[in-house]
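Structure file run-v9.cif with mmCIF, C-alpha atoms, pLDDT in the B column; chains and numbers go by the auth columns:
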data_input
loop_
_atom_site.group_PDB
_atom_site.id
_atom_site.type_symbol
_atom_site.label_atom_id
_atom_site.label_comp_id
_atom_site.label_asym_id
_atom_site.label_seq_id
_atom_site.Cartn_x
_atom_site.Cartn_y
_atom_site.Cartn_z
_atom_site.B_iso_or_equiv
_atom_site.auth_seq_id
_atom_site.auth_asym_id
ATOM 1 C CA MET A 1 -6.534 21.193 11.392 68.00 1 C
ATOM 2 C CA ALA A 2 -9.553 19.114 12.297 74.00 2 C
ATOM 3 C CA ALA A 3 -9.276 17.340 8.949 78.00 3 C
ATOM 4 C CA THR A 4 -5.657 16.492 9.655 78.00 4 C
ATOM 5 C CA ARG A 5 -6.588 15.170 13.074 81.00 5 C
ATOM 6 C CA TRP A 6 -9.300 13.021 11.566 84.00 6 C
ATOM 7 C CA ALA A 7 -6.935 11.732 8.879 84.00 7 C
ATOM 8 C CA LEU A 8 -4.506 10.605 11.582 86.00 8 C
ATOM 9 C CA HIS A 9 -7.203 8.972 13.683 90.00 9 C
ATOM 10 C CA PRO A 10 -6.944 5.159 13.874 91.00 10 C
ATOM 11 C CA LEU A 11 -10.596 4.843 12.923 93.00 11 C
ATOM 12 C CA ALA A 12 -9.961 6.763 9.685 94.00 12 C
ATOM 13 C CA PHE A 13 -7.280 4.291 8.644 93.00 13 C
ATOM 14 C CA THR A 14 -9.534 1.407 9.577 95.00 14 C
ATOM 15 C CA LEU A 15 -12.478 2.797 7.625 95.00 15 C
ATOM 16 C CA ALA A 16 -10.188 3.393 4.655 95.00 16 C
ATOM 17 C CA LEU A 17 -9.328 -0.303 4.735 95.00 17 C
ATOM 18 C CA LEU A 18 -13.022 -1.143 4.931 95.00 18 C
ATOM 19 C CA GLY A 19 -13.671 1.042 1.888 94.00 19 C
ATOM 20 C CA LEU A 20 -10.823 -0.631 0.047 92.00 20 C
ATOM 21 C CA VAL A 21 -12.302 -4.073 0.657 93.00 21 C
ATOM 22 C CA ALA A 22 -15.769 -2.871 -0.347 92.00 22 C
ATOM 23 C CA ALA A 23 -14.371 -1.453 -3.583 91.00 23 C
ATOM 24 C CA ALA A 24 -12.372 -4.616 -4.228 88.00 24 C
ATOM 25 C CA ALA A 25 -15.474 -6.725 -3.700 86.00 25 C
ATOM 26 C CA VAL A 26 -16.814 -5.557 -7.034 85.00 26 C
ATOM 27 C CA GLY A 27 -13.458 -6.001 -8.754 78.00 27 C
ATOM 28 C CA GLY A 28 -13.742 -9.747 -9.309 72.00 28 C
ATOM 29 C CA ALA A 29 -10.617 -11.804 -9.889 68.00 29 C
ATOM 30 C CA ALA A 30 -8.496 -8.720 -10.483 77.00 30 C
ATOM 31 C CA ALA A 31 -9.038 -7.646 -6.894 86.00 31 C
ATOM 32 C CA GLY A 32 -7.290 -10.699 -5.427 86.00 32 C
ATOM 33 C CA PRO A 33 -3.947 -8.985 -4.782 90.00 33 C
ATOM 34 C CA LEU A 34 -5.676 -5.941 -3.299 92.00 34 C
ATOM 35 C CA LEU A 35 -7.709 -8.120 -0.953 94.00 35 C
ATOM 36 C CA ALA A 36 -4.528 -9.925 0.093 94.00 36 C
ATOM 37 C CA VAL A 37 -2.866 -6.641 1.011 95.00 37 C
ATOM 38 C CA ALA A 38 -5.997 -5.431 2.823 95.00 38 C
ATOM 39 C CA ALA A 39 -6.288 -8.630 4.886 96.00 39 C
ATOM 40 C CA GLY A 40 -2.615 -8.473 5.856 95.00 40 C
ATOM 41 C CA CYS A 41 -2.868 -4.767 6.615 95.00 41 C
ATOM 42 C CA ALA A 42 -5.839 -5.256 8.948 95.00 42 C
ATOM 43 C CA ALA A 43 -3.983 -8.051 10.748 94.00 43 C
ATOM 44 C CA GLY A 44 -0.807 -5.986 11.073 92.00 44 C
ATOM 45 C CA PHE A 45 -2.645 -2.936 12.392 93.00 45 C
ATOM 46 C CA ALA A 46 -4.630 -5.043 14.844 92.00 46 C
ATOM 47 C CA ASN A 47 -1.437 -6.751 15.959 88.00 47 C
ATOM 48 C CA SER A 48 0.062 -3.435 17.000 82.00 48 C
ATOM 49 C CA GLY A 49 -0.505 -1.962 20.409 68.00 49 C
ATOM 50 C CA SER A 50 -0.931 1.735 20.993 53.00 50 C
ATOM 51 C CA THR A 51 2.531 2.417 19.555 52.00 51 C
ATOM 52 C CA MET B 1 6.916 -15.990 7.830 66.00 1 Y
ATOM 53 C CA ALA B 2 4.251 -15.646 5.146 64.00 2 Y
ATOM 54 C CA CYS B 3 6.615 -17.016 2.514 66.00 3 Y
ATOM 55 C CA ILE B 4 7.455 -20.029 4.696 74.00 4 Y
ATOM 56 C CA ALA B 5 3.757 -20.571 5.371 70.00 5 Y
ATOM 57 C CA GLY B 6 3.072 -20.167 1.670 69.00 6 Y
ATOM 58 C CA VAL B 7 5.621 -22.838 0.790 69.00 7 Y
ATOM 59 C CA LEU B 8 4.286 -25.146 3.526 74.00 8 Y
ATOM 60 C CA GLY B 9 0.791 -24.448 2.283 70.00 9 Y
ATOM 61 C CA ALA B 10 1.643 -25.759 -1.155 74.00 10 Y
ATOM 62 C CA LEU B 11 1.188 -29.298 0.147 79.00 11 Y
ATOM 63 C CA PRO B 12 -2.339 -29.002 1.594 82.00 12 Y
ATOM 64 C CA GLN B 13 -3.333 -26.788 -1.295 86.00 13 Y
ATOM 65 C CA ALA B 14 -2.221 -29.512 -3.704 83.00 14 Y
ATOM 66 C CA LEU B 15 -3.690 -32.453 -1.801 87.00 15 Y
ATOM 67 C CA VAL B 16 -6.837 -31.186 -0.089 89.00 16 Y
ATOM 68 C CA PRO B 17 -9.850 -30.194 -2.203 92.00 17 Y
ATOM 69 C CA ALA B 18 -10.518 -26.454 -2.310 91.00 18 Y
ATOM 70 C CA PRO B 19 -13.991 -26.670 -0.712 92.00 19 Y
ATOM 71 C CA VAL B 20 -12.551 -28.525 2.279 94.00 20 Y
ATOM 72 C CA ARG B 21 -9.773 -25.966 2.709 93.00 21 Y
ATOM 73 C CA ALA B 22 -12.274 -23.124 2.386 94.00 22 Y
ATOM 74 C CA ALA B 23 -14.504 -24.738 4.999 95.00 23 Y
ATOM 75 C CA LEU B 24 -11.559 -25.132 7.381 95.00 24 Y
ATOM 76 C CA LEU B 25 -10.637 -21.490 6.927 95.00 25 Y
ATOM 77 C CA GLY B 26 -14.269 -20.515 7.422 96.00 26 Y
ATOM 78 C CA LEU B 27 -14.299 -22.340 10.739 97.00 27 Y
ATOM 79 C CA VAL B 28 -11.108 -20.596 11.875 96.00 28 Y
ATOM 80 C CA ALA B 29 -12.466 -17.244 10.670 96.00 29 Y
ATOM 81 C CA PHE B 30 -15.700 -17.783 12.598 97.00 30 Y
ATOM 82 C CA VAL B 31 -13.826 -18.525 15.828 96.00 31 Y
ATOM 83 C CA VAL B 32 -11.444 -15.581 15.371 95.00 32 Y
ATOM 84 C CA LEU B 33 -14.232 -13.187 14.406 96.00 33 Y
ATOM 85 C CA GLY B 34 -16.164 -14.123 17.526 95.00 34 Y
ATOM 86 C CA ARG B 35 -13.080 -13.504 19.640 94.00 35 Y
ATOM 87 C CA GLU B 36 -12.414 -10.113 18.059 94.00 36 Y
ATOM 88 C CA LEU B 37 -16.057 -9.099 18.476 94.00 37 Y
ATOM 89 C CA GLY B 38 -15.875 -10.029 22.142 92.00 38 Y
ATOM 90 C CA LEU B 39 -18.327 -12.925 21.949 94.00 39 Y
ATOM 91 C CA TRP B 40 -15.847 -15.338 23.515 90.00 40 Y
ATOM 92 C CA ARG B 41 -12.344 -15.197 24.878 89.00 41 Y
ATOM 93 C CA PHE B 42 -9.326 -17.448 24.515 87.00 42 Y
ATOM 94 C CA ALA B 43 -5.582 -16.988 24.468 84.00 43 Y
ATOM 95 C CA VAL B 44 -3.704 -17.075 21.186 81.00 44 Y
ATOM 96 C CA PRO B 45 -0.134 -18.320 20.692 75.00 45 Y
ATOM 97 C CA GLU B 46 2.261 -15.453 21.217 74.00 46 Y
ATOM 98 C CA ASN B 47 5.877 -14.984 22.089 71.00 47 Y
ATOM 99 C CA ALA B 48 4.906 -12.649 24.955 68.00 48 Y
ATOM 100 C CA ARG B 49 8.276 -10.974 25.176 70.00 49 Y
ATOM 101 C CA LEU B 50 9.156 -7.394 24.468 70.00 50 Y
ATOM 102 C CA VAL B 51 12.181 -6.733 22.299 69.00 51 Y
ATOM 103 C CA PRO B 52 14.973 -5.725 24.724 72.00 52 Y
ATOM 104 C CA GLU B 53 16.061 -2.132 24.224 71.00 53 Y
ATOM 105 C CA ASP B 54 19.728 -3.120 24.141 74.00 54 Y
ATOM 106 C CA VAL B 55 19.192 -5.148 20.968 71.00 55 Y
ATOM 107 C CA GLN B 56 19.470 -2.013 18.865 69.00 56 Y
ATOM 108 C CA HIS B 57 22.881 -1.242 20.344 74.00 57 Y
ATOM 109 C CA ARG B 58 24.409 -4.590 19.408 72.00 58 Y
ATOM 110 C CA ALA B 59 27.160 -4.419 16.802 69.00 59 Y
ATOM 111 C CA HIS B 60 26.293 -3.103 13.355 72.00 60 Y
ATOM 112 C CA TRP B 61 23.075 -5.048 12.880 75.00 61 Y
ATOM 113 C CA GLY B 62 21.393 -4.121 16.145 74.00 62 Y
ATOM 114 C CA ALA B 63 18.983 -1.615 14.634 73.00 63 Y
ATOM 115 C CA LEU B 64 18.135 -4.034 11.839 74.00 64 Y
ATOM 116 C CA GLN B 65 17.506 -6.845 14.331 75.00 65 Y
ATOM 117 C CA PHE B 66 15.318 -4.568 16.458 72.00 66 Y
ATOM 118 C CA GLY B 67 13.328 -3.515 13.402 70.00 67 Y
ATOM 119 C CA PHE B 68 12.950 -7.112 12.239 69.00 68 Y
ATOM 120 C CA GLU B 69 11.771 -8.388 15.596 71.00 69 Y
ATOM 121 C CA MET B 70 9.457 -5.463 16.218 67.00 70 Y
ATOM 122 C CA GLY B 71 8.206 -5.164 12.648 64.00 71 Y
ATOM 123 C CA THR B 72 7.406 -8.817 12.170 64.00 72 Y
ATOM 124 C CA GLY B 73 5.811 -9.125 15.596 62.00 73 Y
ATOM 125 C CA MET B 74 7.822 -12.278 16.147 61.00 74 Y
ATOM 126 C CA ARG B 75 9.001 -11.230 19.581 61.00 75 Y
ATOM 127 C CA THR B 76 6.085 -9.253 20.903 70.00 76 Y
ATOM 128 C CA TYR B 77 2.684 -9.752 22.429 74.00 77 Y
ATOM 129 C CA SER B 78 -0.260 -10.353 20.127 78.00 78 Y
ATOM 130 C CA PRO B 79 -3.388 -8.488 21.224 83.00 79 Y
ATOM 131 C CA SER B 80 -5.292 -9.851 18.234 88.00 80 Y
ATOM 132 C CA ALA B 81 -5.921 -13.241 16.633 92.00 81 Y
ATOM 133 C CA LEU B 82 -6.113 -11.753 13.131 94.00 82 Y
ATOM 134 C CA PRO B 83 -2.441 -12.540 12.358 92.00 83 Y
ATOM 135 C CA HIS B 84 -3.158 -16.177 13.179 92.00 84 Y
ATOM 136 C CA LEU B 85 -6.173 -16.128 10.869 95.00 85 Y
ATOM 137 C CA VAL B 86 -4.134 -14.628 8.057 94.00 86 Y
ATOM 138 C CA LEU B 87 -1.445 -17.247 8.607 92.00 87 Y
ATOM 139 C CA ALA B 88 -4.070 -19.988 8.353 94.00 88 Y
ATOM 140 C CA ALA B 89 -5.326 -18.378 5.147 95.00 89 Y
ATOM 141 C CA VAL B 90 -1.834 -18.370 3.654 93.00 90 Y
ATOM 142 C CA VAL B 91 -1.457 -22.072 4.420 92.00 91 Y
ATOM 143 C CA LEU B 92 -4.933 -23.072 3.259 93.00 92 Y
ATOM 144 C CA VAL B 93 -6.117 -20.858 0.420 93.00 93 Y
ATOM 145 C CA VAL B 94 -3.774 -18.026 -0.562 93.00 94 Y
ATOM 146 C CA PRO B 95 -1.920 -18.854 -3.799 91.00 95 Y
ATOM 147 C CA LEU B 96 1.859 -18.873 -3.295 89.00 96 Y
ATOM 148 C CA PRO B 97 2.513 -15.843 -5.564 90.00 97 Y
ATOM 149 C CA VAL B 98 0.014 -13.814 -3.507 91.00 98 Y
ATOM 150 C CA ALA B 99 1.507 -14.717 -0.097 91.00 99 Y
ATOM 151 C CA PRO B 100 4.175 -11.961 -0.253 93.00 100 Y
ATOM 152 C CA LEU B 101 1.381 -9.431 -0.775 94.00 101 Y
ATOM 153 C CA VAL B 102 -0.260 -10.576 2.460 94.00 102 Y
ATOM 154 C CA ALA B 103 3.109 -10.143 4.191 92.00 103 Y
ATOM 155 C CA ALA B 104 3.541 -6.695 2.647 94.00 104 Y
ATOM 156 C CA GLY B 105 0.096 -5.704 3.880 95.00 105 Y
ATOM 157 C CA PHE B 106 0.951 -6.954 7.374 93.00 106 Y
ATOM 158 C CA ALA B 107 4.122 -4.871 7.330 90.00 107 Y
ATOM 159 C CA ILE B 108 2.176 -1.798 6.212 93.00 108 Y
ATOM 160 C CA GLY B 109 -0.311 -2.308 9.025 93.00 109 Y
ATOM 161 C CA ARG B 110 2.448 -2.661 11.593 89.00 110 Y
ATOM 162 C CA PHE B 111 4.192 0.383 10.122 89.00 111 Y
ATOM 163 C CA MET B 112 1.103 2.595 10.212 91.00 112 Y
ATOM 164 C CA MET B 113 0.691 2.451 13.985 88.00 113 Y
ATOM 165 C CA PRO B 114 3.993 4.204 14.866 87.00 114 Y
ATOM 166 C CA VAL B 115 3.573 6.539 11.885 90.00 115 Y
ATOM 167 C CA LEU B 116 0.146 7.703 13.040 91.00 116 Y
ATOM 168 C CA SER B 117 1.267 7.813 16.655 89.00 117 Y
ATOM 169 C CA ASN B 118 4.279 9.983 15.897 88.00 118 Y
ATOM 170 C CA ALA B 119 2.308 12.271 13.607 89.00 119 Y
ATOM 171 C CA TRP B 120 -0.475 12.765 16.138 87.00 120 Y
ATOM 172 C CA SER B 121 1.503 14.597 18.828 84.00 121 Y
ATOM 173 C CA ASP B 122 4.550 14.469 21.046 80.00 122 Y
ATOM 174 C CA ASP B 123 2.638 14.657 24.290 82.00 123 Y
ATOM 175 C CA GLY B 124 1.448 11.063 24.411 78.00 124 Y
ATOM 176 C CA GLY B 125 -2.053 12.058 23.367 84.00 125 Y
ATOM 177 C CA TRP B 126 -2.188 9.165 20.912 87.00 126 Y
ATOM 178 C CA THR B 127 -2.469 6.685 23.752 88.00 127 Y
ATOM 179 C CA GLN B 128 -5.754 8.246 24.849 90.00 128 Y
ATOM 180 C CA VAL B 129 -7.032 8.425 21.273 90.00 129 Y
ATOM 181 C CA TRP B 130 -6.172 4.772 20.712 91.00 130 Y
ATOM 182 C CA ALA B 131 -7.697 3.682 24.004 91.00 131 Y
ATOM 183 C CA ALA B 132 -10.965 5.405 23.108 92.00 132 Y
ATOM 184 C CA ALA B 133 -11.073 4.088 19.540 93.00 133 Y
ATOM 185 C CA GLU B 134 -9.655 0.599 20.119 92.00 134 Y
ATOM 186 C CA PRO B 135 -12.916 -1.275 20.837 93.00 135 Y
ATOM 187 C CA VAL B 136 -14.503 -0.062 17.599 95.00 136 Y
ATOM 188 C CA VAL B 137 -11.301 -0.251 15.557 95.00 137 Y
ATOM 189 C CA ARG B 138 -10.644 -3.864 16.537 95.00 138 Y
ATOM 190 C CA ARG B 139 -14.157 -4.920 15.568 96.00 139 Y
ATOM 191 C CA VAL B 140 -13.981 -3.140 12.210 96.00 140 Y
ATOM 192 C CA LEU B 141 -10.525 -4.560 11.509 96.00 141 Y
ATOM 193 C CA ALA B 142 -11.841 -8.050 12.187 96.00 142 Y
ATOM 194 C CA CYS B 143 -14.677 -7.481 9.715 96.00 143 Y
ATOM 195 C CA VAL B 144 -12.225 -6.077 7.153 96.00 144 Y
ATOM 196 C CA CYS B 145 -9.856 -9.025 7.480 96.00 145 Y
ATOM 197 C CA VAL B 146 -12.530 -11.719 7.467 96.00 146 Y
ATOM 198 C CA GLY B 147 -14.437 -9.944 4.697 95.00 147 Y
ATOM 199 C CA ALA B 148 -11.360 -9.630 2.486 95.00 148 Y
ATOM 200 C CA LEU B 149 -10.464 -13.286 2.987 95.00 149 Y
ATOM 201 C CA ALA B 150 -14.047 -14.415 2.371 94.00 150 Y
ATOM 202 C CA ILE B 151 -14.422 -12.394 -0.832 92.00 151 Y
ATOM 203 C CA ALA B 152 -11.049 -13.463 -2.174 90.00 152 Y
ATOM 204 C CA THR B 153 -11.534 -17.130 -1.243 90.00 153 Y
ATOM 205 C CA SER B 154 -14.935 -17.293 -2.870 87.00 154 Y
ATOM 206 C CA GLY B 155 -13.854 -15.532 -6.027 80.00 155 Y
ATOM 207 C CA ALA B 156 -10.421 -14.204 -6.802 67.00 156 Y
ATOM 208 C CA TRP B 157 -8.383 -17.103 -5.375 71.00 157 Y
ATOM 209 C CA SER B 158 -10.655 -19.981 -6.317 67.00 158 Y
#
Target encoding structure tokens, full file:
Amino acid sequence: MAATRWALHPLAFTLALLGLVAAAAVGGAAAGPLLAVAAGCAAGFANSGST
Amino acid sequence: MACIAGVLGALPQALVPAPVRAALLGLVAFVVLGRELGLWRFAVPENARLVPEDVQHRAHWGALQFGFEMGTGMRTYSPSALPHLVLAAVVLVVPLPVAPLVAAGFAIGRFMMPVLSNAWSDDGGWTQVWAAAEPVVRRVLACVCVGALAIATSGAWS
């Protein structure tokens, strides 16, 4: 139950995005599309309010 | 929006040297990052209107219109400057074929907030969770967005 709560926590999603970017950083040119999605995703999540 | 910006960005991307465009984006990213980290404050362009509830009851396309306006953020407040940074990136450095991916990511980000909120509980507890986490989340999101753009601009998109 605690794991589910943590998975739904906004910080978990944010840290997952951070991990994605960190992983993509070592991917070179192939990571371009992934970085594009990650940048857009961070902007979209930040653009949302509490709901 | 991203596709329009991508098409408009074809002109500066064709005419302005890549280092100049990267420097311009770096300047915008610096200003936005400082704002998101709370180092300075300034207002960002926003529509500043909530989508009226009756929109979803209009004719057959009401729900679609509500979803479009809410999902794209075109008719809402903007608590963050990251969308403006991403838009600048699409105009200045993001290759046109990649622009739809930025838009898809934005849509996923917008989508995740109600998904997480609804999955959390029905008692409004999410609001408290978000309020407690927001200061940290916003700072990390800013680092994620700026970091992703910086890495891609310096390597994958250059």
Check which residues of chain Y sit at most 6 Å from chain C using all atoms listed in the file, and return one row each with the closest pair of atoms and their distance in Å to one decimal, ordered by chain and rising number, as a tab-separated table.
residue	atom	partner	partner_atom	distance
Y:Ser78	CA	C:Asn47	CA	5.6
Y:Pro79	CA	C:Asn47	CA	5.9
Y:Ser80	CA	C:Asn47	CA	5.4
Y:Leu82	CA	C:Ala43	CA	4.9
Y:Pro83	CA	C:Ala43	CA	5.0
Y:Leu101	CA	C:Val37	CA	5.4
Y:Val102	CA	C:Gly40	CA	4.6
Y:Gly105	CA	C:Cys41	CA	4.1
Y:Phe106	CA	C:Gly40	CA	4.2
Y:Ile108	CA	C:Cys41	CA	5.9
Y:Gly109	CA	C:Phe45	CA	4.1
Y:Arg110	CA	C:Gly44	CA	4.7
Y:Met113	CA	C:Thr51	CA	5.9
Y:Pro114	CA	C:Thr51	CA	5.2
Y:Leu116	CA	C:Leu8	CA	5.7
Y:Thr127	CA	C:Ser50	CA	5.9
Y:Val137	CA	C:Leu11	CA	5.8
Y:Leu141	CA	C:Ala42	CA	5.4
Y:Val144	CA	C:Leu18	CA	5.5
Y:Cys145	CA	C:Ala39	CA	4.4
Y:Ala148	CA	C:Leu35	CA	5.2
Y:Ala152	CA	C:Gly32	CA	5.7
Y:Ala156	CA	C:Ala29	CA	3.9
For this session: Apply the PyMOL selection byres ((chain Y and resi 31) around 12) to the displayed file and report the matching residues as a ChimeraX atom specification.
Result: /Y:24-30,32-42,44,81-82,84-85,142,146
Next, write the just-selected residues to a file, as an mmCIF file, keeping the file's coordinate frame, keeping C-alpha atoms as the atom set.
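See out.cif below for the written result:
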data_model
loop_
_atom_site.group_PDB
_atom_site.id
_atom_site.type_symbol
_atom_site.label_atom_id
_atom_site.label_comp_id
_atom_site.auth_asym_id
_atom_site.auth_seq_id
_atom_site.Cartn_x
_atom_site.Cartn_y
_atom_site.Cartn_z
ATOM 1 C CA LEU Y 24 -11.559 -25.132 7.381
ATOM 2 C CA LEU Y 25 -10.637 -21.490 6.927
ATOM 3 C CA GLY Y 26 -14.269 -20.515 7.422
ATOM 4 C CA LEU Y 27 -14.299 -22.340 10.739
ATOM 5 C CA VAL Y 28 -11.108 -20.596 11.875
ATOM 6 C CA ALA Y 29 -12.466 -17.244 10.670
ATOM 7 C CA PHE Y 30 -15.700 -17.783 12.598
ATOM 8 C CA VAL Y 32 -11.444 -15.581 15.371
ATOM 9 C CA LEU Y 33 -14.232 -13.187 14.406
ATOM 10 C CA GLY Y 34 -16.164 -14.123 17.526
ATOM 11 C CA ARG Y 35 -13.080 -13.504 19.640
ATOM 12 C CA GLU Y 36 -12.414 -10.113 18.059
ATOM 13 C CA LEU Y 37 -16.057 -9.099 18.476
ATOM 14 C CA GLY Y 38 -15.875 -10.029 22.142
ATOM 15 C CA LEU Y 39 -18.327 -12.925 21.949
ATOM 16 C CA TRP Y 40 -15.847 -15.338 23.515
ATOM 17 C CA ARG Y 41 -12.344 -15.197 24.878
ATOM 18 C CA PHE Y 42 -9.326 -17.448 24.515
ATOM 19 C CA VAL Y 44 -3.704 -17.075 21.186
ATOM 20 C CA ALA Y 81 -5.921 -13.241 16.633
ATOM 21 C CA LEU Y 82 -6.113 -11.753 13.131
ATOM 22 C CA HIS Y 84 -3.158 -16.177 13.179
ATOM 23 C CA LEU Y 85 -6.173 -16.128 10.869
ATOM 24 C CA ALA Y 142 -11.841 -8.050 12.187
ATOM 25 C CA VAL Y 146 -12.530 -11.719 7.467
#
Exercise. What is the distance, in Å and to one decimal place, between atom CA of Y:Pro97 and atom CA of Y:Ala23?
Worked result: 21.9 Å
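The spacing separating atom CA of Y:Pro100 from atom CA of Y:Pro12 amounts to 18.3 Å.
Note that atom CA of Y:Pro95 and atom CA of Y:Trp157 are 6.9 Å apart.
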Axis-aligned box for all listed atoms of stretch 34-41 of chain C, 3 Å per side, centre and edges in Å to one decimal, as AutoDock Vina command-line options:
--center_x -5.2 --center_y -7.3 --center_z 1.7 --size_x 11.1 --size_y 11.2 --size_z 15.9
Problem set entry | Residues returned when the PyMOL selection byres ((chain Y and resi 5) around 12) runs on this file, as a PyMOL selection string | chain Y and resi 1-4+6-13+84+86-100+102-103
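Applied to this file, the PyMOL selection byres ((chain Y and resi 77) around 7) selects Y:Glu46, Y:Asn47, Y:Ala48, Y:Arg49, Y:Thr76, Y:Ser78, Y:Pro79.
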